[in-house]
Amino acid sequence: MGGNSTLASYEGDEAEQRFAELRQALTTCRSYEGEGYVGPFKVTVRTETPPQVGEEALAFREISPVGTDPLGDRNEQFIVVRTGNTIATFSELSVGADLSFPTELISRQVQRLRDAQQP
């Protein structure tokens, strides 16, 4: 399906605070449900071992059934990395498989981010 990445920059220690909130949420959140464009949905959240990059990193998957789709469930991996006052989120979307965002690419991007933050 494909992947993407998003950068969010914060002032002061807000990146650390936001990262701590996500870390806390992942200790208890195992599923959630809601209403989307095509109706109600339910998502299972599964934590994973993150790559050793940045100052902090977390990894998790969100898996949701896609009705009677013979290909399988919607499966999206998220790797969230904090470097300084910036949080980078990398995601890989697949259907019926546990695909992962390439770790080598994450490592290179995080190093570039770290280099850009040096005075």
# chains A, B, ... in the order shown; residues from 1 in each chain; ligands from 1
>>> residues_around(residues="Gly39 in chain A", least_positions_apart="6", cutoff="12 Å", atoms="only C-alpha atoms", output="tab-separated table (two decimals) with all heavy atoms, in the first residue's frame")
chain	number	residue	atom	x	y	z
A	33	GLU	N	-12.97	2.18	19.19
A	33	GLU	CA	-13.95	2.12	18.12
A	33	GLU	C	-14.51	3.50	17.88
A	33	GLU	O	-14.38	4.40	18.71
A	33	GLU	CB	-15.04	1.11	18.42
A	33	GLU	CG	-15.68	1.25	19.77
A	33	GLU	CD	-16.59	0.06	20.07
A	33	GLU	OE1	-16.07	-1.01	20.39
A	33	GLU	OE2	-17.82	0.26	19.95
A	66	VAL	N	-11.85	-5.39	7.63
A	66	VAL	CA	-12.37	-4.69	6.46
A	66	VAL	C	-13.54	-5.50	5.91
A	66	VAL	O	-13.48	-6.08	4.84
A	66	VAL	CB	-11.28	-4.52	5.38
A	66	VAL	CG1	-11.79	-3.67	4.22
A	66	VAL	CG2	-10.03	-3.88	5.96
A	67	GLY	N	-14.59	-5.57	6.71
A	67	GLY	CA	-15.81	-6.28	6.28
A	67	GLY	C	-15.53	-7.67	5.79
A	67	GLY	O	-14.88	-8.47	6.45
>>> residues_around(residues="Cys29 in chain A", least_positions_apart="5", cutoff="12 Å", atoms="only C-alpha atoms", output="MDAnalysis selection string")
chainID A and resid 21:24 43:47 60:62
>>> write_last_selection(atoms="C-alpha atoms", output="compact mmCIF listing (two decimals), in the first residue's frame")
# COMPACT_ATOMS: atom_id res chain seq x y z
CA GLU A 21 1.47 10.92 26.77
CA LEU A 22 1.72 8.51 23.84
CA ARG A 23 3.88 6.09 25.85
CA GLN A 24 1.29 6.15 28.68
CA VAL A 43 -9.40 -1.09 15.87
CA THR A 44 -7.08 -3.39 17.81
CA VAL A 45 -3.83 -1.78 19.01
CA ARG A 46 -0.73 -3.96 19.33
CA THR A 47 2.60 -2.62 20.60
CA PHE A 60 2.63 -0.09 17.43
CA ARG A 61 0.07 -1.42 14.96
CA GLU A 62 -3.56 -0.61 14.43
>>> residues_around(residues="Leu99 in chain A", least_positions_apart="2", cutoff="12 Å", atoms="only C-alpha atoms", output="count of residues only")
20
>>> atom_distance(atom1="CA of Ser5 in chain A", atom2="CA of Ala88 in chain A")
6.9 Å
>>> closest_residue(among="A:Gln17, A:Thr28, A:Thr49, A:Gln117", to="Ser100 in chain A", atoms="only C-alpha atoms")
A:Thr49
>>> select_by_dssp(residues="chain A", states="alpha helix (DSSP H)", output="ChimeraX atom specification")
/A:14-28,103-117
